[in-house]
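A.B. asks: CSV, C-alpha atoms, saved as my_file.csv, coming up:
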chain,number,residue,atom,x,y,z
N,1,ILE,CA,31.5,14.8,-19.3
N,2,VAL,CA,34.2,14.9,-16.6
N,3,VAL,CA,37.0,17.0,-18.0
N,4,ARG,CA,39.4,16.8,-15.1
N,5,ASP,CA,39.5,15.5,-11.5
N,6,SER,CA,41.7,15.7,-8.5
N,7,VAL,CA,41.9,13.9,-5.1
N,8,ILE,CA,43.6,15.8,-2.3
N,9,ARG,CA,44.3,14.1,1.0
N,10,ASN,CA,43.3,16.2,4.0
N,11,GLU,CA,45.7,17.0,6.9
N,12,ASP,CA,44.0,14.6,9.2
N,13,GLY,CA,45.0,11.7,6.9
N,14,LYS,CA,41.5,10.1,7.2
N,15,THR,CA,39.5,12.1,4.6
N,16,VAL,CA,40.0,13.4,1.1
N,17,ASP,CA,38.6,16.2,-1.0
N,18,ILE,CA,37.5,15.2,-4.5
N,19,LYS,CA,37.1,17.9,-7.1
N,20,LEU,CA,35.5,17.3,-10.5
N,21,TRP,CA,35.5,19.7,-13.4
N,22,ILE,CA,32.6,18.9,-15.8
N,23,GLU,CA,31.4,20.1,-19.1
N,24,GLU,CA,27.6,20.0,-19.1
N,25,GLY,CA,27.2,20.0,-22.8
N,26,ASN,CA,24.3,21.5,-24.7
N,27,GLN,CA,21.0,22.5,-23.0
N,28,TYR,CA,18.1,20.8,-24.8
N,29,HIS,CA,14.7,22.3,-25.4
N,30,ILE,CA,11.3,20.7,-26.1
N,31,ARG,CA,10.4,21.1,-29.7
N,32,ASP,CA,7.2,19.0,-29.9
N,33,ILE,CA,5.0,16.9,-27.6
N,34,ARG,CA,2.6,14.4,-29.1
N,35,TRP,CA,0.2,12.1,-27.3
N,36,LEU,CA,-0.5,8.6,-28.5
N,37,GLY,CA,-3.1,6.2,-27.2
N,38,ASN,CA,-5.2,8.8,-25.4
N,39,THR,CA,-8.9,8.3,-26.1
N,40,ILE,CA,-10.4,9.8,-22.9
N,41,TYR,CA,-8.7,13.2,-22.9
N,42,PRO,CA,-7.7,15.2,-26.0
N,43,GLY,CA,-4.0,16.0,-26.5
N,44,GLN,CA,-4.6,19.8,-25.9
N,45,TYR,CA,-6.1,19.1,-22.5
N,46,LEU,CA,-3.2,16.8,-21.6
N,47,ASP,CA,-0.8,19.5,-22.7
N,48,ALA,CA,-2.4,21.9,-20.3
N,49,VAL,CA,-2.3,19.4,-17.4
N,50,LEU,CA,1.3,18.5,-18.2
N,51,GLY,CA,2.3,22.2,-18.1
N,52,ILE,CA,5.4,21.8,-20.1
N,53,LYS,CA,5.4,23.8,-23.3
N,54,LYS,CA,7.3,23.8,-26.6
N,55,GLY,CA,10.4,25.8,-26.1
N,56,ASP,CA,10.8,24.9,-22.4
N,57,ILE,CA,14.2,23.5,-21.3
N,58,TYR,CA,14.1,19.7,-21.2
N,59,ASN,CA,14.1,18.5,-17.6
N,60,GLN,CA,13.6,14.7,-17.1
N,61,LYS,CA,12.8,15.0,-13.4
N,62,GLN,CA,10.2,17.7,-14.0
N,63,LEU,CA,8.7,15.6,-16.8
N,64,ASP,CA,8.4,12.6,-14.5
N,65,GLN,CA,6.8,14.6,-11.8
N,66,ARG,CA,4.3,16.2,-14.1
N,67,LEU,CA,3.4,12.8,-15.6
N,68,THR,CA,3.1,10.7,-12.4
N,69,SER,CA,4.0,12.1,-9.0
N,70,ASP,CA,2.7,15.7,-8.6
N,71,ASN,CA,-0.8,16.0,-7.0
N,72,ASP,CA,-2.1,17.5,-10.3
N,73,ALA,CA,-0.1,15.1,-12.5
N,74,VAL,CA,-1.4,13.6,-15.8
N,75,GLY,CA,-1.5,10.2,-14.1
N,76,ASN,CA,-3.7,11.4,-11.3
N,77,LEU,CA,-6.2,12.8,-13.8
N,78,TYR,CA,-6.6,9.2,-15.0
N,79,LEU,CA,-6.4,7.6,-11.5
N,80,ASP,CA,-9.2,9.9,-10.2
N,81,ASN,CA,-11.5,8.6,-12.9
N,82,GLY,CA,-11.0,4.9,-12.3
N,83,TYR,CA,-8.1,4.2,-14.7
N,84,LEU,CA,-6.0,2.3,-12.1
N,85,PHE,CA,-4.2,0.4,-14.9
N,86,PHE,CA,-3.1,3.6,-16.7
N,87,GLN,CA,0.5,3.9,-17.9
N,88,VAL,CA,2.4,6.6,-19.7
N,89,MET,CA,5.8,6.3,-21.3
N,90,PRO,CA,7.6,9.4,-22.6
N,91,ILE,CA,9.8,8.5,-25.6
N,92,GLU,CA,12.4,10.8,-27.1
N,93,ILE,CA,11.6,10.2,-30.7
N,94,ASN,CA,13.9,12.8,-32.3
N,95,ILE,CA,16.9,14.7,-31.0
N,96,ASP,CA,18.1,17.4,-33.4
N,97,ASN,CA,20.8,19.9,-32.4
N,98,ASP,CA,19.4,21.3,-29.1
N,99,SER,CA,15.8,20.2,-29.6
N,100,ILE,CA,13.9,17.1,-28.5
N,101,ASP,CA,10.6,15.8,-29.8
N,102,LEU,CA,8.6,13.7,-27.3
N,103,GLU,CA,6.0,11.1,-27.8
N,104,MET,CA,3.8,10.3,-24.8
N,105,ARG,CA,2.7,6.8,-25.3
N,106,ILE,CA,-0.4,6.1,-23.2
N,107,HIS,CA,-2.1,2.9,-22.2
N,108,GLU,CA,-5.3,3.9,-20.5
N,109,GLY,CA,-6.6,0.4,-19.7
N,110,LYS,CA,-10.1,0.0,-18.5
N,111,GLN,CA,-11.7,1.7,-15.5
N,112,ALA,CA,-11.5,-0.3,-12.2
N,113,THR,CA,-14.4,-0.5,-9.9
N,114,ILE,CA,-14.0,-1.1,-6.2
N,115,ASP,CA,-15.0,-4.7,-5.3
N,116,ARG,CA,-14.3,-5.1,-1.6
N,117,VAL,CA,-13.2,-2.6,1.2
N,118,ILE,CA,-11.3,-4.5,3.9
N,119,ILE,CA,-10.5,-2.9,7.3
N,120,THR,CA,-7.9,-4.6,9.6
N,121,GLY,CA,-6.3,-3.7,12.9
N,122,ASN,CA,-9.3,-2.2,14.6
N,123,THR,CA,-9.4,-4.3,17.8
N,124,LYS,CA,-11.3,-1.9,20.0
N,125,THR,CA,-13.0,0.5,17.6
N,126,HIS,CA,-16.1,-1.0,15.8
N,127,GLU,CA,-15.6,-1.4,12.1
N,128,ASN,CA,-18.6,0.8,11.3
N,129,VAL,CA,-16.9,3.7,13.0
N,130,ALA,CA,-14.0,3.5,10.5
N,131,ARG,CA,-16.2,2.5,7.6
N,132,ARG,CA,-18.5,5.5,7.8
N,133,GLU,CA,-15.4,7.8,7.3
N,134,LEU,CA,-14.5,6.2,3.9
N,135,TYR,CA,-15.1,7.7,0.5
N,136,THR,CA,-14.2,4.4,-1.3
N,137,LEU,CA,-17.3,2.3,-1.6
N,138,PRO,CA,-17.9,-1.0,-3.3
N,139,GLY,CA,-19.2,-0.5,-6.8
N,140,ASP,CA,-17.6,3.0,-7.2
N,141,LEU,CA,-14.8,3.8,-9.6
N,142,PHE,CA,-11.3,3.8,-8.2
N,143,SER,CA,-10.2,7.3,-7.2
N,144,LYS,CA,-6.8,8.3,-5.8
N,145,THR,CA,-8.3,11.5,-4.4
N,146,LYS,CA,-11.0,9.5,-2.6
N,147,LEU,CA,-8.3,7.3,-1.1
N,148,MET,CA,-6.5,10.3,0.2
N,149,ARG,CA,-9.7,11.9,1.6
N,150,SER,CA,-10.5,8.6,3.3
N,151,TYR,CA,-7.0,8.6,4.9
N,152,ARG,CA,-7.5,12.2,6.2
N,153,GLN,CA,-10.9,11.3,7.7
N,154,LEU,CA,-9.5,8.2,9.4
N,155,ALA,CA,-6.6,10.2,10.8
N,156,GLN,CA,-8.9,12.9,12.1
N,157,LEU,CA,-11.0,10.4,14.1
N,158,GLY,CA,-8.2,10.2,16.7
N,159,HIS,CA,-8.7,6.5,17.3
N,160,PHE,CA,-5.9,5.4,15.0
N,161,ASP,CA,-2.1,6.2,14.7
N,162,GLN,CA,-2.2,8.4,11.6
N,163,GLU,CA,1.4,7.7,10.7
N,164,ARG,CA,0.7,3.9,10.6
N,165,ILE,CA,-2.5,4.0,8.6
N,166,ASP,CA,-1.7,1.8,5.6
N,167,ILE,CA,-3.9,2.0,2.5
N,168,ASN,CA,-3.2,-0.7,0.0
N,169,PRO,CA,-5.1,-1.0,-3.3
N,170,LEU,CA,-5.2,-4.7,-4.4
N,171,PRO,CA,-5.9,-4.5,-8.2
N,172,ASN,CA,-7.3,-7.4,-10.2
N,173,PRO,CA,-6.6,-6.6,-13.9
N,174,GLU,CA,-8.5,-9.7,-15.1
N,175,SER,CA,-11.8,-8.6,-13.6
N,176,GLY,CA,-11.1,-4.9,-13.8
N,177,THR,CA,-11.7,-4.5,-10.1
N,178,VAL,CA,-9.7,-3.5,-7.1
N,179,ASP,CA,-10.0,-4.3,-3.4
N,180,ILE,CA,-9.0,-1.5,-1.0
N,181,LYS,CA,-7.3,-2.7,2.2
N,182,TYR,CA,-7.1,-0.3,5.1
N,183,GLY,CA,-4.6,-1.4,7.7
N,184,LEU,CA,-5.2,0.5,11.0
N,185,VAL,CA,-3.3,0.6,14.2
N,186,GLU,CA,-5.3,1.9,17.2
N,187,LYS,CA,-3.9,4.4,19.6
N,188,ALA,CA,-3.5,3.5,23.2
N,189,ASN,CA,-6.3,5.0,25.4
N,190,ASP,CA,-4.5,6.4,28.5
Could I get this structure in the form of structure tokens?
C.D. replies:
Amino acid sequence: IVVRDSVIRNEDGKTVDIKLWIEEGNQYHIRDIRWLGNTIYPGQYLDAVLGIKKGDIYNQKQLDQRLTSDNDAVGNLYLDNGYLFFQVMPIEINIDNDSIDLEMRIHEGKQATIDRVIITGNTKTHENVARRELYTLPGDLFSKTKLMRSYRQLAQLGHFDQERIDINPLPNPESGTVDIKYGLVEKAND
């Protein structure tokens, strides 16, 4: 809550300094974490992957990172095992004094298999040169780790601009498949 503020014009007449006095309020702690909808991994295992324990200070940014964006996030656990349609929604089900109970609502979806692997942008380099570096093969389960490994392999070839390699999964929820499109930009040979 903003308790007080002030705006002070600087001597140059073009800028101002803004000061805000805030009261942060209570610091909240995690009292309980429950997992709902998880059938693949038990709650205790997901707790360990999440790495946030009962009694820890509640931090929404850290929670989001541990669920979806960190390399070892809960979401990546599912994505590496074909669960491309996985979703997790943390819900604050009870807030009592300085404690929060969280419910992690999971929709695992079904595992997605790779249908087609499409390579574009290779005008001079033969497609099989790029294709032999890929770890994402038709018929395999989708894996984020294999996508990243394929990226590294393509970048190390030296034929393609590594900053412009575009990997685009094209999911088809109806069929439970995904096409993987690799957009490549070849380097100039000087």
A.B. asks: Using only C-alpha atoms, what table do you get, as a Markdown table, when you list each residue of range 22-109 of chain N with an atom no more than 12 Å from range 150-171 of chain N, its nearest pair of atoms, and their distance in Å rounded to one decimal, rows by chain then rising number?
C.D. replies:
| residue | atom | partner | partner_atom | distance |
| --- | --- | --- | --- | --- |
| N:Leu79 | CA | N:Pro169 | CA | 12.0 |
| N:Gly82 | CA | N:Pro171 | CA | 11.5 |
| N:Tyr83 | CA | N:Pro171 | CA | 11.1 |
| N:Leu84 | CA | N:Pro171 | CA | 7.8 |
| N:Phe85 | CA | N:Pro171 | CA | 8.5 |
A.B. asks: Can you work out the spacing between CA of Gln60 in chain N and CA of Thr39 in chain N in Å, to one decimal?
C.D. replies: 25.1 Å
A.B. asks: What's the 7 Å shell around Arg116 in chain N, counting only C-alpha atoms, without same-chain residues fewer than 3 positions away, as an MDAnalysis selection string?
C.D. replies: chainID N and resid 138 179:180
A.B. asks: Please report the interatomic distance between CA of Asn59 in chain N and CA of Asp32 in chain N in Å with one decimal.
C.D. replies: 14.1 Å
A.B. asks: Between N:Val117, N:Ile40, N:Lys144, N:Ala73, which has the minimum distance to Arg132 in chain N (counting only C-alpha atoms)?
C.D. replies: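 Answer, going by the shortest atom-to-atom distance: N:Val117.
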A.B. asks: Grab the CA of Thr177 in chain N to CA of Leu50 in chain N distance for me, in Å with one decimal place.
C.D. replies: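 About the pair CA of Thr177 in chain N and CA of Leu50 in chain N: they are 27.6 Å apart.
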A.B. asks: Rank nothing, just name the residue among N:Leu102, N:Met148, N:Asn10, N:Val49 nearest to Gln65 in chain N, using all atoms listed in the file.
C.D. replies: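 Once distances to Gln65 in chain N are computed over all atoms listed in the file, the minimum belongs to N:Val49.
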A.B. asks: What would the list of residues within 10 Å of (-0.4, 6.7, -23.6) (file frame) look like as a list in words, if all atoms listed in the file are what count?
C.D. replies: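 The answer, in the requested form, is Arg34, Trp35, Leu36, Gly37, Asn38, Thr39, Phe86, Gln87, Val88, Met89, Pro90, Glu103, Met104, Arg105, Ile106, His107, Glu108 and Gly109 of chain N.
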A.B. asks: Which residues are close to Ile18 in chain N, i.e. within 7 Å by only C-alpha atoms, leaving aside same-chain residues fewer than 4 positions away? Reply as a ChimeraX atom specification.
C.D. replies: /N:6-8
A.B. asks: Find the residue from N:Asn26, N:Ser175, N:Thr15, N:Asn71 that sits nearest to Asn97 in chain N; use only C-alpha atoms when measuring.
C.D. replies: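 Closest to Asn97 in chain N of all the choices is N:Asn26.
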A.B. asks: List as an MDAnalysis selection string the protein and nucleic acid residues near Ile30 in chain N, meaning an atom at most 9 Å away when all atoms listed in the file are counted, but skip any in the same chain fewer than 4 places from it.
C.D. replies: chainID N and resid 52:58 98:102
A.B. asks: Compare N:Arg66, N:Lys61, N:His126, N:Arg131 by their minimum atom-to-atom distance to Tyr182 in chain N, counting all atoms listed in the file, and give me the closest one.
C.D. replies: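 Residue with the minimum atom-to-atom distance to Tyr182 in chain N: N:Arg131.
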A.B. asks: Just checking: using all atoms listed in the file, which residue out of N:Ile118, N:Pro42, N:Ala112, N:Ser143 ends up closest to Pro173 in chain N?
C.D. replies: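 That would be N:Ala112, the residue with the smallest distance to Pro173 in chain N.
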A.B. asks: Quick one: of N:Leu67, N:Val3, N:Ile33, N:Ile114, who's nearest to Ile93 in chain N, counting all atoms listed in the file?
C.D. replies: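 When distances to Ile93 in chain N are compared using all atoms listed in the file, the smallest one comes from N:Ile33.
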A.B. asks: N, CA and C atoms for range 62-78 of chain N, written as a CSV table (one decimal), in the coordinates of the input, could you do that?
C.D. replies:
chain,number,residue,atom,x,y,z
N,62,GLN,N,11.4,17.0,-13.9
N,62,GLN,CA,10.2,17.7,-14.0
N,62,GLN,C,9.2,17.0,-14.8
N,63,LEU,N,9.6,16.4,-15.9
N,63,LEU,CA,8.7,15.6,-16.8
N,63,LEU,C,8.1,14.5,-16.0
N,64,ASP,N,8.9,13.7,-15.3
N,64,ASP,CA,8.4,12.6,-14.5
N,64,ASP,C,7.4,13.0,-13.5
N,65,GLN,N,7.7,14.1,-12.8
N,65,GLN,CA,6.8,14.6,-11.8
N,65,GLN,C,5.5,15.0,-12.4
N,66,ARG,N,5.5,15.7,-13.5
N,66,ARG,CA,4.3,16.2,-14.1
N,66,ARG,C,3.4,15.1,-14.7
N,67,LEU,N,4.1,13.9,-15.0
N,67,LEU,CA,3.4,12.8,-15.6
N,67,LEU,C,2.8,11.9,-14.5
N,68,THR,N,3.5,11.8,-13.3
N,68,THR,CA,3.1,10.7,-12.4
N,68,THR,C,3.0,11.2,-10.9
N,69,SER,N,4.0,12.0,-10.4
N,69,SER,CA,4.0,12.1,-9.0
N,69,SER,C,3.4,13.4,-8.4
N,70,ASP,N,3.3,14.5,-9.1
N,70,ASP,CA,2.7,15.7,-8.6
N,70,ASP,C,1.2,15.4,-8.3
N,71,ASN,N,0.7,16.2,-7.3
N,71,ASN,CA,-0.8,16.0,-7.0
N,71,ASN,C,-1.7,16.3,-8.2
N,72,ASP,N,-1.3,17.2,-9.1
N,72,ASP,CA,-2.1,17.5,-10.3
N,72,ASP,C,-1.5,16.9,-11.6
N,73,ALA,N,-0.8,15.8,-11.4
N,73,ALA,CA,-0.1,15.1,-12.5
N,73,ALA,C,-1.1,14.5,-13.5
N,74,VAL,N,-0.6,14.3,-14.7
N,74,VAL,CA,-1.4,13.6,-15.8
N,74,VAL,C,-1.9,12.3,-15.3
N,75,GLY,N,-1.1,11.5,-14.6
N,75,GLY,CA,-1.5,10.2,-14.1
N,75,GLY,C,-2.6,10.3,-13.1
N,76,ASN,N,-2.6,11.3,-12.2
N,76,ASN,CA,-3.7,11.4,-11.3
N,76,ASN,C,-5.0,11.8,-11.9
N,77,LEU,N,-4.9,12.5,-13.0
N,77,LEU,CA,-6.2,12.8,-13.8
N,77,LEU,C,-6.9,11.5,-14.1
N,78,TYR,N,-6.1,10.5,-14.6
N,78,TYR,CA,-6.6,9.2,-15.0
N,78,TYR,C,-7.0,8.4,-13.7
